[in-house]
Amino acid sequence: MMASITPDHLTRGAFVYVRQSTNDQVLHNHESRRRQYGLVDRARALGWASVEVIDDDLGRSGSGVSRPGFEKLLAAICEGRVGAVVSVEASRLARNGRDWHTLLEFCGLVGTLIVDEDGVYDPRHPNDRLLLGMKGTMSEMELSLFRQRSLEALKQKARRGELFLTVAIGYLKTSHDRIEKDPDRRVQEAITLAFTKFGELQTVRQVHLWMRQERLPLPATEYGPEGRKVIWKLPVYNTLHHLLTNPIYAGAYVFGPAAALRSRPAASVSCAASAKTVTAGRF
């Protein structure tokens, strides 16, 4: 392992790459972060006097999202300033094949080592490159499995009618993943008025024009530092259309995108027809 480290590597700096995938991990998983910052001591023990920490990507996934810290690392490698990239495990440097193989190519071109807790790897050597390639492939597959399991868990919860990522205005999420009507009478009356007026006027556009003309606001949700709160504002067409076509007000639970019917021209299906499906709502 030590034989891979040459005086040329040591004259350049060792760059410790620190990353945690989510903000929740940054807030609560302090031990992982301490462990990654502790790699500075490992780099110095291997002989590097100059060690730089790149931690711009705390709270960012390694699956392909914008990562300024990773871009900074690649730029430093291309400039020939990096003798070794140090990480807890090599596969955590990137979670998708494109970024991973880009890193390997750059390191191989300028002779930069990759160091993790298992060993020291030189991407110019076929055996090390093969091992690094396998680590990257397994990491990408692992992330794919995590996503698949998470999505399947969400689907199973949705099949039971217990998954509520957001709650429609007029309802509140209570304990045990259940929802109940908002006890605020003003909220209930405003929503009921919108459905009642739609029954009279028959189109979303006419209801929208009437409410704007009468200066009647509708409740809306807003999320801030204090959490979810209700605000009142004059409705726009899209907000009113979403309200009148939301299945939750008809007592139906729906999860996932709705399928579009193409059996007849889309122009023949009016907004009124869409909204009529819920005019007998149970709100």
# chains A, B, ... in the order shown; residues from 1 in each chain; ligands from 1
>>> select_by_dssp(residues="range 69-225 of chain A", states="strand (DSSP E or B)", output="list in words")
Val82, Gly83, Ala84, Val85, Val86, Leu113, Ile114, Val115, Val120, Tyr121, Tyr171, Leu172, Lys173, Thr174, Arg178, Ile179, Glu180, Lys181, Leu218, Pro219, Ala220, Thr221, Glu222, Tyr223 and Gly224 of chain A
>>> residues_around(residues="range 17-25 of chain A", least_positions_apart="5", cutoff="9 Å", atoms="only C-alpha atoms", output="PDB file with C-alpha atoms, in the first residue's frame")
ATOM      1  CA  HIS A  30     -22.362  13.891  13.765  1.00  0.00           C
ATOM      2  CA  SER A  32     -19.998  10.175  10.458  1.00  0.00           C
ATOM      3  CA  ARG A  33     -18.847  13.742   9.933  1.00  0.00           C
ATOM      4  CA  GLN A  36     -14.572  11.968   7.736  1.00  0.00           C
ATOM      5  CA  TYR A  37     -12.785  15.020   9.149  1.00  0.00           C
ATOM      6  CA  GLU A  52      -6.915  20.383   2.343  1.00  0.00           C
ATOM      7  CA  VAL A  53     -10.508  19.600   3.304  1.00  0.00           C
ATOM      8  CA  ILE A  54     -13.348  20.016   0.797  1.00  0.00           C
ATOM      9  CA  ASP A  55     -16.700  19.970   2.593  1.00  0.00           C
ATOM     10  CA  ASP A  56     -18.875  22.061   0.280  1.00  0.00           C
ATOM     11  CA  ASP A  57     -21.114  19.047  -0.423  1.00  0.00           C
ATOM     12  CA  LEU A  58     -22.458  18.454   3.072  1.00  0.00           C
ATOM     13  CA  GLY A  59     -26.164  17.744   2.668  1.00  0.00           C
ATOM     14  CA  ARG A  60     -25.845  16.871  -1.030  1.00  0.00           C
ATOM     15  CA  SER A  61     -26.459  13.487  -2.597  1.00  0.00           C
ATOM     16  CA  GLY A  62     -23.716  11.855  -4.640  1.00  0.00           C
ATOM     17  CA  GLY A  69     -17.266  20.547  -3.788  1.00  0.00           C
ATOM     18  CA  PHE A  70     -16.866  17.666  -6.243  1.00  0.00           C
ATOM     19  CA  LEU A  73     -11.984  18.620  -6.442  1.00  0.00           C
ATOM     20  CA  VAL A  85      -8.011  12.092  -2.833  1.00  0.00           C
ATOM     21  CA  VAL A  86      -8.928  10.813   0.624  1.00  0.00           C
ATOM     22  CA  SER A  87     -12.389   9.576   1.605  1.00  0.00           C
ATOM     23  CA  VAL A  88     -13.919   7.203   4.148  1.00  0.00           C
ATOM     24  CA  ARG A  92     -18.669   7.577  -1.574  1.00  0.00           C
ATOM     25  CA  LEU A  93     -16.843  10.023  -3.826  1.00  0.00           C
TER      26      LEU A  93
END
>>> residues_around(residues="Val230 in chain A", least_positions_apart="4", cutoff="12 Å", atoms="only C-alpha atoms", output="list in words")
Val167, Ala168, Ile169, Gly170, Tyr171, Leu172, Asp182, Asp184, Arg186, Val187, Pro217, Leu218, Pro219, Ala220, Thr221, Glu222, Tyr223, Gly224 and Glu226 of chain A
>>> closest_residue(among="A:Ala76, A:Ala14, A:Ile114, A:Ala190", to="Glu89 in chain A", atoms="only C-alpha atoms")
A:Ile114
>>> atom_distance(atom1="CA of Gly108 in chain A", atom2="CA of Asp41 in chain A")
24.8 Å
>>> residues_around(residues="Gly119 in chain A", least_positions_apart="5", cutoff="12 Å", atoms="only C-alpha atoms", output="mmCIF file with C-alpha atoms, in the first residue's frame")
data_model
loop_
_atom_site.group_PDB
_atom_site.id
_atom_site.type_symbol
_atom_site.label_atom_id
_atom_site.label_comp_id
_atom_site.auth_asym_id
_atom_site.auth_seq_id
_atom_site.Cartn_x
_atom_site.Cartn_y
_atom_site.Cartn_z
ATOM 1 C CA MET A 1 0.000 0.000 0.000
ATOM 2 C CA MET A 2 2.724 2.444 0.980
ATOM 3 C CA ALA A 3 4.696 1.488 -2.149
ATOM 4 C CA SER A 4 2.049 3.288 -4.249
ATOM 5 C CA ILE A 5 2.887 6.578 -2.550
ATOM 6 C CA ARG A 42 -4.724 9.578 8.204
ATOM 7 C CA ALA A 43 -3.390 11.626 5.289
ATOM 8 C CA LEU A 46 0.754 8.536 5.238
ATOM 9 C CA ALA A 84 -4.263 11.919 -3.290
ATOM 10 C CA VAL A 85 -8.011 12.092 -2.833
ATOM 11 C CA VAL A 86 -8.928 10.813 0.624
ATOM 12 C CA SER A 87 -12.389 9.576 1.605
ATOM 13 C CA VAL A 88 -13.919 7.203 4.148
ATOM 14 C CA GLU A 89 -14.583 4.795 1.305
ATOM 15 C CA ALA A 90 -13.746 5.377 -2.323
ATOM 16 C CA LEU A 113 -4.024 8.368 -5.857
ATOM 17 C CA ILE A 114 -7.362 7.492 -4.271
ATOM 18 C CA ASP A 128 -6.398 -1.011 -8.851
ATOM 19 C CA LEU A 131 -11.101 -2.804 -8.067
ATOM 20 C CA LEU A 132 -12.147 0.853 -8.105
#
